[in-house]
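J.: The structure under discussion is supplied below as C-alpha cells; questions concerning it will follow.
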Amino acid sequence: MHDTAIKNFCIWARRELMAQVALQARRFGIREDGYDAAGADAVEGRPLTVDERRQRADLIRRLGPANASGYEEAYKGLIDQAAYTWFNRLIAIRFMELNDRLPSHVRMLSAADGAFRPQVLREALDVPIEGLDAAQVSELLQASDDEALFRCLFLAQCRELAACLPDVFEPVGAAMELLLPEGLLRQGSVVQRLVDDIPEEDWREGVEIVGWMYQYYVSERKDEVFASFKKGKKADAGAIAPATQLFTPDWIVRYLTENSLGRLWVQSRPESRLAEQMPYYIPDDLGVEDADASVVQSERSESNDLVVAPESLKVIDPACGSGHILVYAFRLLAAMYEEAGHVRRSIPRLILQNNLTGCEIDQRAAQMASFALAMTACEWDSRFLRRADKVSANIVCLRPAEIDADELEEMPYLAERTALLDAMAHMGECGSLFVPEPEDIAALERADDELDAREAGGDLLAYRPHAAVAQMLANCKPLIETYDAVIANPPYMGSSNMDKWLANWTKKRYPDSKRDLCTCFIERGFILAKRHGYSAMVTTQSWLFLSNAEALRKKLIEDGTIITLVDTKSTGYHADNFTANAASVIRIGGASGMLGAYVKLDQRPEEKSDALLEAIANPTCGWFYRRSTDAFKSIPGTPIAYWASSAMLCLFESGEISHLGIAYEGIKTGDNDRFLRNWFEVSVRRSNIYDGSLSCKWQKTAKAGEYRSWYGSHYVVTNFENEGEEILASGHGSVSASEPLRSQAITWNRISSGNLSFRMLPEGFLSNMGGLCFYLQQSDDSYYLIGFLNSSVAKAELDILNPTMSFPPGTINAIAVDGAPDDMVKRIVSGIALRSVEASKDDWDSFESSWNFKRNALI
C-alpha cells in the first residue's frame, strides 16, 4: 500500500473539502458570522428554487440563532460534518467501484481504464440506479452540463446505497446535499485527486484501506489536540476521538484475534484445522517442556466444552474505530462456519446477526466500521447488499443523551438513576467504560414504554424525551452483555489530559486503572468478558511495571491468567503510534500454574511481524518465554517480569532489602537557589564538613551528580539550621523524619538514564530529593550491601522492579537481597566493595572540588 500517497491525499482532502463546503454555504448566504434572512427567496440576487429554500431553512435550523453565543461553534461543526460526510461517501464509492460492489456495476468516479473520466457519464441514460430521474438526466445531457449531470448521478447513487448500507449512506437529506461541493469534475478537485493519486491496486488489497484513510483524515486534528495539551488544555468530548484513534496494524489484529477467538474454537474442537489458517496463534504447549505438559493439558480440557457452535460465539470491540479488528474477526468466524458445514452465502448474515458487536463514540469511524463489515460480507456473498433478508452490522455509536428535569419529574424511577443519567450525558467521553446495571435497563425500558404510549396518544411533547431514552437504551444494551472475546485497541490518554468530568469519573469508577484510558479498558475487559472468555487488547506498555498500575496487576493476577503477551518494547509498532506497547490475551478466571507465552520484540517496527512468526516457529529463538502468571506474585509490586529467571524469582522470595535498613525520600527545599550551596561557597566554621556537627547551619548533603560509583559527588550543603526551620517556614519545602538519623548510608541519583550507580556516604549526610539515601541499621553490612547494589544481579532486579529512568525510595526498598549469605561470599563481596570504595575515594579526593583534597596526584 502506498502509505505516503494515501496520507498526503487525506490530509489535503480534509482541508479542501472544508474550504469547498464553506464556499458552498456562503453561496447560500450562510457564513461564520451569521446568515442572510432565513426565509429569503434569493441570495445576493440569485433566486432560490423551492427545494433550495427548504434545504437552506433546514441548515439554518441546525445552526440556531446567528446572535447566539454558540453559533460560531455550530457553524464550524456543520462544515466539519459536511466535509467528512462527503469524504466518507467518496472513498466508500471508490472502494466499491474498484471491487465491483456497486449495484449498477458501472464506475461512478473513473473510467474502465482508470482515467479520470467517470464511466457513469457516458452511460447516464442506461445506468441502472434506482430512483434516478431519467427526465432530469436527459435534460442535462442535452444541455451538455457534465458537472450538473455528475452531481445528479452521484446523489442518486448515494440515495440508492442508503437502502442497502443505511449506517454508511444514511439518507443524506436535502439539507446536507446543499453542501456537496461544486466543480467535482475539474482538475484539482477532490474526486480527480482521489482517482489519480491513489493507485487502484491499493483499493483491491482489502477494505482496511478505508481505516487508514480515516486515520490520516483526522491526523491534523489530532496534531491540534496534542498541541493544545502542551498549552494546558484538556480533552473534551470532541477531542477524544481524533486524539486517540489509531488504526491497528494487521499483524497485531491477527495476533489478538487468533489467540482469543481462534483459541476458543480450536480448544473446543480437537478435530479443527483452523489453526492452519492462524499463523500468529500460539498453542498452549508451544515451547513447554514435557514436565509442564500436564498443566497445559488440564487447562485445555477445562475449556473443551465451552463452544458448541459458531453461532454461540459473541465478540465485541468496545472501541472499534473503523472496524479493522471486527473485519478480521468476521473472516475468522467465517472459517469456523465453513468448518461447521454452513453454506457460504448464508455465513455473512449469520455472523452479523449472531456474533459481532462494535461500539464507538465517533460517528464517522462507526460509519466506516459498518461499511468495512458490509464489504467483507460481500466476499462471501456477492449478492449480500441486494438480499431482502440482509442484516446490518451491529455497530453502536455511543451518543450523548439527556432528558430535561421537568420530564424526569414524570419518571421518578428514572430520575433516581443518577449514575446512569450522568454517564449518558457524557457518553462521548466515557463511552464503553460505562457499566450499566440491570436496574438501569429496567428503568429505561419502562420509560420507553410510557413515552411510546404518550406519543401514540398524540402527545407531541413526548417525542424529544422518547428519542433520548431510545438512545440511552441503544447505548446500554451492548454494554450490559458479556462476550466470549473482547478484542480492542482502546484509546490511549493519560489522566492529565482528561477534562475535569472524565478525570473525576474514571477516578471514581476505575480507581485501580484511572491513570490512562487504555488501562481503564483493560479493567473493563474483565467485566465484558464471560468467565473462561478472553480479553485481548493492545495497550501502552506501562501497566506491566509502573507502580500506579500495581492494583490493576494484582486484580489481573487474582481474576485472570495471561495466556500470551507480545511486548513491542520501545520501538513501537507503527510510526504514527505510541512507542511502547503490549498486546496481551488474558483469560478471565484463574488457572493456577498455567504457563503463558511471552514474546519480547526488540526489532525495528517493520521487522516485528516476522520476528513474532519466527518466535512461534522456533521458541528457542531467544525472545520467546514461558511463565506462569502466579510467578509474578513473588515480586514486589507484581510487575509482569516474564523474562525473569527462576533463580531471580527465588531471590525475590528470599526477602527485601528493608531488613538491612530503609530508603527515605529526603529533603525537598522548594527553592534550591535559596537553601543549597556548593561547600566552598559557605564558611567552613558554619558547616559540618569536618566536625560532623548536627547543629550548624550548613550541613553536607547527598545530591545527584554525574555518573559515579562507590564514592564521591560530595559537593553540596543545605541550610538545615534548627532541623530545617527555614525550609519548613517557607511553605514550599518538606523535611523527612529520617534527617535526624544521618547514620552511615548508601546514596544514588533518583534520575538515571543509564545503569544506576550506588555510592557510600559517611555519617552526617542529609539526603535530598535528587540524591536519595538508604540508611543502614548496622555498619557491618555496608560494604556487602553496596557491593550487591552495584552488581549485575541488582541491576537485573531494577530492570524488573522499575525499568524507567526514575528510582524512588520504594523501588530500592523492594530490592531483594540475601540477608544471611554464606560467610565466604560475604567476605569476598565486602572485600571487593571495600577496595572499590577506597579507590573511588582516592580518585574523588584527588580533585580540588573535594573538601578532602590534599595535593595534586601528579606532585
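Note on naming: chains are A, B, ... as they come in the C-alpha cells, residues start from 1 per chain, ligands start from 1 in the order shown.
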Check region 397-561 of chain A with DSSP on the backbone and list each residue it calls alpha helix (DSSP H), as JSON, numbers by chain.
T.: {"A": [405, 406, 407, 408, 412, 413, 414, 415, 418, 419, 420, 421, 422, 423, 424, 425, 427, 428, 429, 430, 438, 439, 440, 441, 442, 443, 444, 445, 446, 447, 448, 449, 450, 451, 452, 453, 454, 455, 456, 463, 464, 465, 466, 467, 468, 469, 470, 471, 472, 473, 474, 475, 476, 477, 478, 479, 480, 500, 501, 502, 503, 504, 505, 506, 507, 508, 509, 517, 518, 519, 520, 521, 522, 523, 524, 525, 526, 527, 528, 550, 551, 552, 553, 554, 555, 556, 557, 558, 559]}
J.: Enumerate, in order of chain and increasing residue number, the residues of region 139-253 of chain A with an atom no farther than 8 Å from region 85-93 of chain A, each with its shortest atom pair and distance in Å to one decimal, counting only C-alpha atoms, as JSON lines.
T.:
{"residue": "A:Cys158", "atom": "CA", "partner": "A:Arg89", "partner_atom": "CA", "distance": 7.6}
{"residue": "A:Val168", "atom": "CA", "partner": "A:Arg89", "partner_atom": "CA", "distance": 7.7}
{"residue": "A:Phe169", "atom": "CA", "partner": "A:Arg89", "partner_atom": "CA", "distance": 7.0}
{"residue": "A:Leu180", "atom": "CA", "partner": "A:Trp86", "partner_atom": "CA", "distance": 7.1}
{"residue": "A:Val191", "atom": "CA", "partner": "A:Leu90", "partner_atom": "CA", "distance": 7.6}
{"residue": "A:Leu194", "atom": "CA", "partner": "A:Ile91", "partner_atom": "CA", "distance": 8.0}
{"residue": "A:Val210", "atom": "CA", "partner": "A:Ile91", "partner_atom": "CA", "distance": 7.1}
J.: Produce a file of the selected residues containing all heavy atoms, as a short mmCIF file (atom, residue, chain, number, x, y, z; two decimals), in the first residue's frame.
T.:
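Now in out-v8.cif:
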data_model
loop_
_atom_site.label_atom_id
_atom_site.label_comp_id
_atom_site.auth_asym_id
_atom_site.auth_seq_id
_atom_site.Cartn_x
_atom_site.Cartn_y
_atom_site.Cartn_z
N CYS A 158 -25.84 7.78 -4.05
CA CYS A 158 -25.84 7.82 -2.58
C CYS A 158 -27.20 7.41 -2.03
O CYS A 158 -27.29 6.67 -1.04
CB CYS A 158 -25.46 9.22 -2.09
SG CYS A 158 -23.73 9.66 -2.37
N VAL A 168 -23.92 3.66 6.63
CA VAL A 168 -22.88 4.42 5.94
C VAL A 168 -23.48 5.53 5.10
O VAL A 168 -23.09 6.69 5.18
CB VAL A 168 -22.03 3.48 5.04
CG1 VAL A 168 -20.85 4.24 4.45
CG2 VAL A 168 -21.58 2.27 5.84
N PHE A 169 -24.45 5.16 4.27
CA PHE A 169 -25.11 6.13 3.39
C PHE A 169 -26.49 6.45 3.95
O PHE A 169 -27.49 6.37 3.24
CB PHE A 169 -25.24 5.57 1.98
CG PHE A 169 -23.93 5.44 1.25
CD1 PHE A 169 -23.19 4.28 1.35
CD2 PHE A 169 -23.44 6.49 0.49
CE1 PHE A 169 -21.98 4.15 0.69
CE2 PHE A 169 -22.23 6.37 -0.17
CZ PHE A 169 -21.49 5.20 -0.07
N LEU A 180 -22.90 19.77 -0.82
CA LEU A 180 -21.99 19.00 -1.67
C LEU A 180 -21.24 19.99 -2.55
O LEU A 180 -21.84 20.76 -3.29
CB LEU A 180 -22.76 18.01 -2.54
CG LEU A 180 -21.93 17.22 -3.56
CD1 LEU A 180 -20.90 16.33 -2.87
CD2 LEU A 180 -22.84 16.39 -4.46
N VAL A 191 -12.32 14.67 -6.21
CA VAL A 191 -12.60 13.45 -6.96
C VAL A 191 -11.44 13.12 -7.91
O VAL A 191 -11.01 11.97 -8.01
CB VAL A 191 -13.92 13.58 -7.75
CG1 VAL A 191 -14.16 12.33 -8.59
CG2 VAL A 191 -15.08 13.81 -6.80
N LEU A 194 -8.51 11.88 -5.90
CA LEU A 194 -8.82 10.57 -5.33
C LEU A 194 -8.57 9.48 -6.37
O LEU A 194 -8.01 8.42 -6.06
CB LEU A 194 -10.28 10.54 -4.88
CG LEU A 194 -10.82 9.20 -4.33
CD1 LEU A 194 -10.09 8.80 -3.05
CD2 LEU A 194 -12.32 9.30 -4.06
N VAL A 210 -9.83 1.89 3.99
CA VAL A 210 -10.70 2.97 4.45
C VAL A 210 -10.36 3.35 5.89
O VAL A 210 -10.52 4.50 6.30
CB VAL A 210 -12.19 2.61 4.31
CG1 VAL A 210 -12.55 2.32 2.87
CG2 VAL A 210 -12.59 1.46 5.22
#
J.: Can you list, as a VMD selection string, every protein, DNA or RNA residue that comes within 12 Å of Glu614 (chain A) when you count only C-alpha atoms, leaving out same-chain residues fewer than 4 positions away?
T.: chain A and resid 279 to 280 282 599 to 601 607 to 610 618 to 624
J.: Suppose we keep N, CA and C atoms; can you now write the selection as an mmCIF file, in the first residue's frame?
T.:
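The new file selection03.cif reads:
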data_model
loop_
_atom_site.group_PDB
_atom_site.id
_atom_site.type_symbol
_atom_site.label_atom_id
_atom_site.label_comp_id
_atom_site.auth_asym_id
_atom_site.auth_seq_id
_atom_site.Cartn_x
_atom_site.Cartn_y
_atom_site.Cartn_z
ATOM 1 N N PRO A 279 -1.537 -18.025 11.496
ATOM 2 C CA PRO A 279 -0.080 -18.051 11.664
ATOM 3 C C PRO A 279 0.405 -17.431 12.975
ATOM 4 N N TYR A 280 -0.410 -16.557 13.587
ATOM 5 C CA TYR A 280 0.021 -15.897 14.822
ATOM 6 C C TYR A 280 -0.522 -16.589 16.072
ATOM 7 N N ILE A 282 -0.592 -19.062 19.085
ATOM 8 C CA ILE A 282 0.428 -19.714 19.906
ATOM 9 C C ILE A 282 -0.238 -20.816 20.718
ATOM 10 N N VAL A 599 6.479 -12.853 24.312
ATOM 11 C CA VAL A 599 7.430 -12.586 23.234
ATOM 12 C C VAL A 599 7.908 -11.149 23.368
ATOM 13 N N LYS A 600 9.215 -10.963 23.436
ATOM 14 C CA LYS A 600 9.806 -9.622 23.528
ATOM 15 C C LYS A 600 10.365 -9.249 22.159
ATOM 16 N N LEU A 601 9.791 -8.201 21.559
ATOM 17 C CA LEU A 601 10.184 -7.798 20.212
ATOM 18 C C LEU A 601 11.004 -6.504 20.270
ATOM 19 N N GLU A 607 10.071 -5.066 11.244
ATOM 20 C CA GLU A 607 10.550 -6.436 11.403
ATOM 21 C C GLU A 607 9.763 -7.225 12.457
ATOM 22 N N LYS A 608 8.882 -6.558 13.194
ATOM 23 C CA LYS A 608 8.253 -7.198 14.345
ATOM 24 C C LYS A 608 7.336 -8.355 13.947
ATOM 25 N N SER A 609 6.580 -8.181 12.889
ATOM 26 C CA SER A 609 5.680 -9.247 12.467
ATOM 27 C C SER A 609 6.450 -10.520 12.161
ATOM 28 N N ASP A 610 7.523 -10.401 11.388
ATOM 29 C CA ASP A 610 8.331 -11.577 11.051
ATOM 30 C C ASP A 610 8.996 -12.159 12.292
ATOM 31 N N ASN A 618 9.983 -21.069 16.174
ATOM 32 C CA ASN A 618 11.192 -21.516 16.858
ATOM 33 C C ASN A 618 11.248 -20.902 18.252
ATOM 34 N N PRO A 619 10.608 -21.522 19.248
ATOM 35 C CA PRO A 619 10.556 -20.945 20.596
ATOM 36 C C PRO A 619 11.921 -20.780 21.260
ATOM 37 N N THR A 620 12.961 -21.400 20.711
ATOM 38 C CA THR A 620 14.294 -21.245 21.291
ATOM 39 C C THR A 620 15.048 -20.074 20.680
ATOM 40 N N CYS A 621 14.314 -19.193 19.981
ATOM 41 C CA CYS A 621 14.951 -18.080 19.268
ATOM 42 C C CYS A 621 15.651 -17.087 20.195
ATOM 43 N N GLY A 622 15.227 -17.007 21.437
ATOM 44 C CA GLY A 622 15.841 -16.068 22.368
ATOM 45 C C GLY A 622 14.915 -14.965 22.812
ATOM 46 N N TRP A 623 13.788 -14.813 22.137
ATOM 47 C CA TRP A 623 12.840 -13.786 22.568
ATOM 48 C C TRP A 623 11.440 -14.367 22.835
ATOM 49 N N PHE A 624 11.394 -15.657 23.068
ATOM 50 C CA PHE A 624 10.157 -16.343 23.445
ATOM 51 C C PHE A 624 10.333 -16.878 24.864
#
J.: Quick one: of A:Arg604, A:Arg417, A:Arg759, A:Arg46, who's nearest to Val837 (chain A), counting only C-alpha atoms?
T.: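 Checking each candidate against Val837 (chain A), we get A:Arg759 as the closest.
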J.: Looking at only C-alpha atoms, which of A:Tyr483, A:Phe521, A:Trp505, A:Phe720 is the one that sits closest to Tyr534 (chain A)?
T.: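 Between A:Tyr483, A:Phe521, A:Trp505, A:Phe720, the residue approaching Tyr534 (chain A) most closely is A:Tyr483.
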J.: Residues near Ile786 (chain A), anyone? I mean within 12 Å using only C-alpha atoms, not counting same-chain ones fewer than 3 positions away, as a PyMOL selection string.
T.: chain A and resi 657+660+709-711+744-748+757-761+774-776+779-783+789-791+794+817+826+829-837
